[in-house]
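This report refers to the structure that appears directly beneath it.
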Amino acid sequence: MALLDVRDLSVRFETHQGTVRAVERVSFRLERGETLGIVGESGSGKSVTCLAILGLIPSPPGVVESGAVDFDGRDLLKLSAAELRHVRGNEISMIFQDPMTSLNPLLTVARQLTEVLEIHEGVSHREARKRAAAALGDVGIPHPEARLDAYPHELSGGMRQRAMIAMALLCEPVVLFADEPTTALDVTIQAQILELMGELQRKRGTAIVLITHDLGVVAGMADRVHVMYAGRLVETGTTHALFAAPQHPYTRGLLESVPTLTGDPDAELHSIDGQPPDLAALPSGCAFAPRCELVVDGCRSAVPPLEPVPGADPAAGDRRAACFEVKP
Amino acid sequence: MDPSGRWNLHVRDEERLLAEAAEYRGESLWQDAWRRLKRDRTAFWSMIFLAVFVALSLFAPLLPLPSPIALDLKAEPQPPVWTELGNRGFDYTFETDDDYKLAYWDLYWHDKRLVDVRKAVFGDWQTGRWFGTDSKGRDLLSRIVWGSRTSIWVAFAATLCSLVIGVTYGAFSGLIGGRVDNLMMRIVDVLYSIPFIFVVIFILTFLSEPRQDLETESLVDKGWVFFIVIGAIYWLTMARVVRGQVLSLKNSEFIEAARAVGASTARILFVHVVPNVLSVVIVYLTLTIPAIMLFEAFLSFLGLGIEPPKVSWGLLAVDGTDAINPIRTFWWLVVFPAGAMGSTLLALNFLGDGLRDALDPKLRGKH
Amino acid sequence: MLGFLLRRLGWFVITSWVVITVSFFLMRKVPGGPFSGERNLTPEIEANINAKYHLDWPTWKQYLHYLGPLNLDERGLFGDRSKPFGGVLTGDLGPSYKMRDFTVNDVIAQSLPISVMLGLVALMWALALGISAGLVSALRPRTGLDLTMRLAATAGIALPNFVIAAFLIILFVFLIPLFPVAGWGTLKHMLLPGFALGAPRAAYIARLTRTGMLEVLSQDYIRTAVAKGLPNRLVLMRHALKGGLLPVVSYLGPMTAWILTGSLVIEKIFRIPGTGSHFVNAALNRDYTLAMGVTILFTVLVYGMNTLVDLAYTFLDPRIKLEES
């Protein structure tokens, strides 16, 4: 049985411009200890999916329309506020993109770490401090004891994200949502943070949902990849299979737009024409149709379902794509 | 593919980008702000209300109101009468300049001409006692309308004064930057911590003394000192706000971007800097005017405001509160002046809030 | 820290010196002394009075005498040396011109505690009403309660405080006799004037609280706190309130100035013998030394409060460094 089973999750936002369909019938499963990458442009609904699972969508304007999230025999979407609080930060943790704004600038690192332990495990302040220091040490922060009483602005960007990771892992959660964990960091720091996450995962067996727009990050970290476009999943598969033989034209476009070291340096860099669609006014058919090179008439009238890729290698995992033009 | 360079665009791409850009071309800051202001009902109606009020006060001499200073020495204030629309009691003739002083006070030339027009149109007819009379039998409605002139124009002139000083100082400080900026802002900080109002009261008491020697009287007109002094107090915040805006604009990326694509200094100044500073200034103005109107009332309360026979809302409010006693409350003396002042200040506040939202770049294109 | 305080002190000395000097010379520039307008004064008596208060001295000498620290009159440095020092620099604000037999220091010593009491009551009202109204608006936006609070708050801004005081008197003294009309002494005397003085600013504080809280509540770190599983109470009290109330803290400086100004009006209406009403009387009666003494005192109070607020700010917001300010 999957650790986390998301089925048909839909989220909309009621805004002044109309109803924004941020997430539309998204389903995925997460197995114990694996890393699932969710890839997409900004606004494709990848962050909203994770926020919705933890009940963090601000309402209004956000509404979780439908869906079920099975976790440990419970439906997270139906939990009471108190039960949900017990899950957050304890069984499922989340780290965010910008460690500068995601840590409270007015409170010390110690305060922000220890409160997690005090809430979820009811340990004494002294004990919590000790464990917070240990956790900072685990994520590679030197002199953790001294850093405890620092304020976030006194740490470097990389250190802040390490502290953020330490905070998320304090209660040894089984699932970690990492929402663009390296986007706000320098490239060299990015690599360190990813390495750290991989190492911690190997040690503790935490399952990670890695949300990113950076294909490089996914290639290095994820076991499986889901690609999102305009609120829908458009392609799934193991990282290897998906990168080796992308099926959906959008995935293909994404991969082609990454410059490679071995490619012709004079070749024009590929880009996907057009703009991502306005989520408040989605086209009736496939949302990618206006930008698609393979578009056929059927694409504009019906939304292609996410179906198994015919003839895919069984080793490629749950290989699916949402495109009428995918043929064996 | 273009073999000469890696990043050269195809003609096709270029056309596509231009077409896309045209599609995304925005409306100007002001169009956008105006559209959003119209959407904000409260702010919009506040603006209409204020416009009507300003027009009324501007054309007060045209209106068929009783004289604001004609005394009717009855024992006590008369309550409002709503049954009588008007009467033929305005029996003044305006032939020499002194005639105007009987019904009003020393009016400006253009106001006298407006009075002439009123006399020609309405003759002796004047409105009835709609708002009652004050303790000296003067018509309250007329006094409120004429009082609005003083209050609104004092506030306007003083605000303008603070605006000129504040914008000049703040823009200069922000543009020069460095040590000069530092020193100039430190001076503002210091001035902030002086309770200027006490100094103002101090100065005004000297000026309001009944002087035997007319020499000083001619040297300083109290009204002007009043404007200048008030303006001089309120420029501080303006200076800070403008300087902050100029500084942030100076270092902002879009100015750099404009410079990078070769926009001229004049274009940068008028297309990018002025509108952005102006929006802050406008919002600030709607906050300063109420503050100054309240300050005028405060000075009237202390007996340092405008001098009779002229009236202002502050003076009327003071008269009203003075008339309060446990035996009889002359409610109209408090309610009408307070109502006029309160509704104007409320409208200004609402308009200020609406403008702030309408001009807030973070909210652009919303609603 | 020490450097900051010293710099502040330096600026304070300069500021007060400018205030004193400018007002002093303005005062002397005006023709006619404080006693020239009084009737029933024979020239001899007037000359005597002028001599007593050194108004017959050249202006520069009067100024130096007033400023101190050297006592220039015959009893001072050049006389029997029993009082060699005096003047503002030694904290001596001189004799009152109109309240004979009183020095300005006497008047202030008597009236300041009253004004401070009144100011504190006003501050309590303003903070209690303002913060609670602001929190309601921020946490329950667009509800009926929010709208009512905001309307009441705006009304407070839109009327002069003497009109508000008048309405309060009609309501709570004449119609429902809950409070005494005037006077001073018990808490009952303080509540109504304190309210009239503080409540209009509650409107502004409510607005600051509301904007501050809404701003903070939209921050990423609030989402982090919720994602950590903190209960709402803790998210609010520990993570949001501190940042959300920072604007209110920085407003306490201007608030002090505002309360002092308002006290002129409120003390007059409720006939409270505080420093403010003394100032008004002094200003109107040309009691120059008293008016100037109070001005200097209020400058000190406002400046001190601003410095205190800046200090408090650095404790509340670790990102702010004193050295830069």
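Every chain in the structure tokens takes a letter, A first, then B, and so on in the order presented; its residues are numbered from 1, and the ligands are numbered from 1 following the presented order.
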Residues flagged helix (DSSP H, G or I) by DSSP in segment 120-155 of chain A, as a PyMOL selection string: chain A and resi 120-121+125-138+144-147+152-154
Pull out every residue of chain C sitting within 9 Å of chain A, counting only C-alpha atoms, and send them as JSON, numbers by chain. {"C": [219, 220, 221, 222, 223, 224, 225, 226, 227, 228, 229, 230, 231, 238, 239, 242, 243, 316, 317, 318, 319]}
Using only C-alpha atoms, which protein or nucleic acid residues come within 7 Å of Ile131 of chain C? Drop anything in the same chain fewer than 6 positions from it, and give the result as JSON, numbers by chain. {"C": [205, 206, 209]}
Restricting the calculation to only C-alpha atoms: of C:Ile272, C:Leu70, C:Leu236, C:Ala153, which residue gets closest to Leu139 of chain C? C:Leu236
Do a neighbour search on Gly119 of chain C at 7 Å with only C-alpha atoms, toss out local chain neighbours closer than 3 positions, and write the hits as a compact mmCIF listing (two decimals) with N, CA and C atoms, in the first residue's frame.
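To be explicit, this is the file written out as part-v2.txt:
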```
# COMPACT_ATOMS: atom_id res chain seq x y z
N SER C 115 -0.99 65.77 34.66
CA SER C 115 -1.01 65.57 33.21
C SER C 115 -0.49 64.18 32.84
N VAL C 116 0.53 63.72 33.55
CA VAL C 116 1.08 62.39 33.25
C VAL C 116 0.03 61.33 33.52
N ALA C 122 -5.19 58.06 29.03
CA ALA C 122 -5.51 58.21 27.60
C ALA C 122 -4.79 57.15 26.79
N LEU C 123 -3.52 56.90 27.13
CA LEU C 123 -2.73 55.90 26.40
C LEU C 123 -3.35 54.51 26.55
N GLY C 194 -9.73 61.04 29.93
CA GLY C 194 -8.75 60.13 29.35
C GLY C 194 -9.28 59.53 28.06
N ILE C 259 -0.79 63.33 22.54
CA ILE C 259 -1.50 63.40 23.82
C ILE C 259 -1.19 64.72 24.52
```
Could you give me, as a ChimeraX atom specification, each residue of segment 50-146 of chain C that DSSP assigns to strand (DSSP E or B) when run on this structure's backbone? /C:70,85,95,103
Which residues of chain C have any atom within 9 Å of an atom in chain B when counting only C-alpha atoms, and what is the closest pair of atoms for each, with the distance in Å to one decimal? Order the rows by chain and rising number and write it as CSV.
```
residue,atom,partner,partner_atom,distance
C:Trp11,CA,B:Val190,CA,7.0
C:Phe12,CA,B:Val190,CA,7.7
C:Thr15,CA,B:Val190,CA,6.7
C:Ser16,CA,B:Ile194,CA,8.3
C:Val19,CA,B:Val199,CA,8.0
C:Ser23,CA,B:Val199,CA,7.3
C:Leu26,CA,B:Ile203,CA,7.6
C:Met27,CA,B:Phe206,CA,7.3
C:Val30,CA,B:Phe206,CA,6.8
C:Pro31,CA,B:Asp213,CA,8.7
C:Thr154,CA,B:Leu346,CA,6.7
C:Ala155,CA,B:Leu346,CA,6.9
C:Ile157,CA,B:Leu346,CA,7.9
C:Ala158,CA,B:Gly342,CA,5.0
C:Leu159,CA,B:Gly342,CA,5.4
C:Pro160,CA,B:Leu294,CA,5.6
C:Asn161,CA,B:Phe298,CA,8.3
C:Phe162,CA,B:Thr321,CA,7.5
C:Val163,CA,B:Thr321,CA,6.6
C:Ala165,CA,B:Thr321,CA,8.8
C:Ala166,CA,B:Thr321,CA,5.8
C:Phe167,CA,B:Val334,CA,8.6
C:Ile169,CA,B:Ile324,CA,8.8
C:Ile170,CA,B:Ile324,CA,7.7
C:Val173,CA,B:Pro326,CA,8.5
C:Phe174,CA,B:Pro326,CA,5.8
C:Leu175,CA,B:Pro326,CA,8.7
C:Gly253,CA,B:Ser193,CA,8.4
C:Pro254,CA,B:Ser193,CA,8.2
C:Ala257,CA,B:Pro195,CA,6.2
C:Trp258,CA,B:Pro195,CA,8.8
C:Leu260,CA,B:Pro195,CA,8.7
C:Thr261,CA,B:Ile197,CA,7.1
C:Gly262,CA,B:Phe298,CA,8.7
C:Leu264,CA,B:Leu302,CA,8.4
C:Val265,CA,B:Phe301,CA,7.4
C:Phe279,CA,B:Phe198,CA,8.8
C:Val280,CA,B:Leu302,CA,7.3
C:Ala283,CA,B:Thr205,CA,6.3
C:Leu284,CA,B:Thr205,CA,6.5
C:Asn285,CA,B:Thr205,CA,9.0
C:Arg286,CA,B:Thr205,CA,7.8
C:Tyr288,CA,B:Phe202,CA,8.7
C:Ala291,CA,B:Phe202,CA,7.4
C:Met292,CA,B:Phe202,CA,8.0
C:Val294,CA,B:Phe198,CA,8.6
C:Thr295,CA,B:Phe198,CA,5.9
C:Phe298,CA,B:Pro195,CA,6.8
C:Thr299,CA,B:Ile194,CA,5.4
C:Val300,CA,B:Ile194,CA,8.5
C:Val302,CA,B:Ser193,CA,6.0
C:Tyr303,CA,B:Ser193,CA,5.2
C:Gly304,CA,B:Ser193,CA,8.8
C:Asn306,CA,B:Ser193,CA,7.1
```
Residue subset to file, keeping C-alpha atoms, as a PDB file, in the first residue's frame:
```
ATOM      1  CA  TRP C  11      21.156  66.189  18.883  1.00  0.00           C
ATOM      2  CA  PHE C  12      18.840  66.793  21.791  1.00  0.00           C
ATOM      3  CA  THR C  15      17.459  70.876  19.268  1.00  0.00           C
ATOM      4  CA  SER C  16      16.511  72.338  22.616  1.00  0.00           C
ATOM      5  CA  VAL C  19      13.959  75.939  20.430  1.00  0.00           C
ATOM      6  CA  SER C  23      11.432  81.404  21.085  1.00  0.00           C
ATOM      7  CA  LEU C  26      10.912  86.015  19.109  1.00  0.00           C
ATOM      8  CA  MET C  27       9.420  86.830  22.456  1.00  0.00           C
ATOM      9  CA  VAL C  30       7.587  91.696  20.111  1.00  0.00           C
ATOM     10  CA  PRO C  31       7.140  95.253  21.354  1.00  0.00           C
ATOM     11  CA  THR C 154     -12.741  56.650  11.117  1.00  0.00           C
ATOM     12  CA  ALA C 155     -15.297  58.736  13.004  1.00  0.00           C
ATOM     13  CA  ILE C 157     -10.299  60.641  13.166  1.00  0.00           C
ATOM     14  CA  ALA C 158     -12.894  62.906  11.608  1.00  0.00           C
ATOM     15  CA  LEU C 159     -13.894  65.062  14.565  1.00  0.00           C
ATOM     16  CA  PRO C 160     -11.881  67.515  16.678  1.00  0.00           C
ATOM     17  CA  ASN C 161     -11.349  66.136  20.155  1.00  0.00           C
ATOM     18  CA  PHE C 162     -13.240  68.958  21.844  1.00  0.00           C
ATOM     19  CA  VAL C 163     -16.327  68.016  19.847  1.00  0.00           C
ATOM     20  CA  ALA C 165     -15.471  65.606  24.491  1.00  0.00           C
ATOM     21  CA  ALA C 166     -18.662  67.656  24.127  1.00  0.00           C
ATOM     22  CA  PHE C 167     -20.612  64.638  22.936  1.00  0.00           C
ATOM     23  CA  ILE C 169     -20.209  65.205  28.322  1.00  0.00           C
ATOM     24  CA  ILE C 170     -23.736  65.410  26.937  1.00  0.00           C
ATOM     25  CA  VAL C 173     -22.610  63.568  32.372  1.00  0.00           C
ATOM     26  CA  PHE C 174     -25.936  65.157  31.483  1.00  0.00           C
ATOM     27  CA  LEU C 175     -28.063  62.363  30.027  1.00  0.00           C
ATOM     28  CA  GLY C 253       6.544  58.551  19.997  1.00  0.00           C
ATOM     29  CA  PRO C 254       4.188  60.677  17.878  1.00  0.00           C
ATOM     30  CA  ALA C 257       3.299  64.421  21.253  1.00  0.00           C
ATOM     31  CA  TRP C 258      -0.319  64.064  20.277  1.00  0.00           C
ATOM     32  CA  LEU C 260       0.438  66.398  25.090  1.00  0.00           C
ATOM     33  CA  THR C 261      -1.143  68.603  22.433  1.00  0.00           C
ATOM     34  CA  GLY C 262      -4.593  67.223  23.055  1.00  0.00           C
ATOM     35  CA  LEU C 264      -4.325  71.507  26.164  1.00  0.00           C
ATOM     36  CA  VAL C 265      -7.890  71.153  24.960  1.00  0.00           C
ATOM     37  CA  PHE C 279       0.370  76.407  29.171  1.00  0.00           C
ATOM     38  CA  VAL C 280      -2.776  77.711  27.526  1.00  0.00           C
ATOM     39  CA  ALA C 283       0.283  81.701  26.408  1.00  0.00           C
ATOM     40  CA  LEU C 284      -2.898  83.765  26.467  1.00  0.00           C
ATOM     41  CA  ASN C 285      -1.749  85.868  29.419  1.00  0.00           C
ATOM     42  CA  ARG C 286       1.712  86.514  28.032  1.00  0.00           C
ATOM     43  CA  TYR C 288       6.371  84.061  28.681  1.00  0.00           C
ATOM     44  CA  ALA C 291       4.861  79.124  28.386  1.00  0.00           C
ATOM     45  CA  MET C 292       8.469  78.674  27.390  1.00  0.00           C
ATOM     46  CA  VAL C 294       6.343  74.144  29.366  1.00  0.00           C
ATOM     47  CA  THR C 295       7.466  74.137  25.742  1.00  0.00           C
ATOM     48  CA  PHE C 298       7.312  68.991  26.384  1.00  0.00           C
ATOM     49  CA  THR C 299      10.227  68.977  23.972  1.00  0.00           C
ATOM     50  CA  VAL C 300      12.162  66.930  26.511  1.00  0.00           C
ATOM     51  CA  VAL C 302       8.634  63.972  23.309  1.00  0.00           C
ATOM     52  CA  TYR C 303      12.322  63.595  22.542  1.00  0.00           C
ATOM     53  CA  GLY C 304      12.768  61.208  25.443  1.00  0.00           C
ATOM     54  CA  ASN C 306      11.083  58.925  20.784  1.00  0.00           C
TER      55      ASN C 306
END
```
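Comparing the minimum interatomic distances between chain B and each of A:Ala302, A:His16, A:Ala184, A:Asp72, counting only C-alpha atoms, we find that A:His16 sits nearest.
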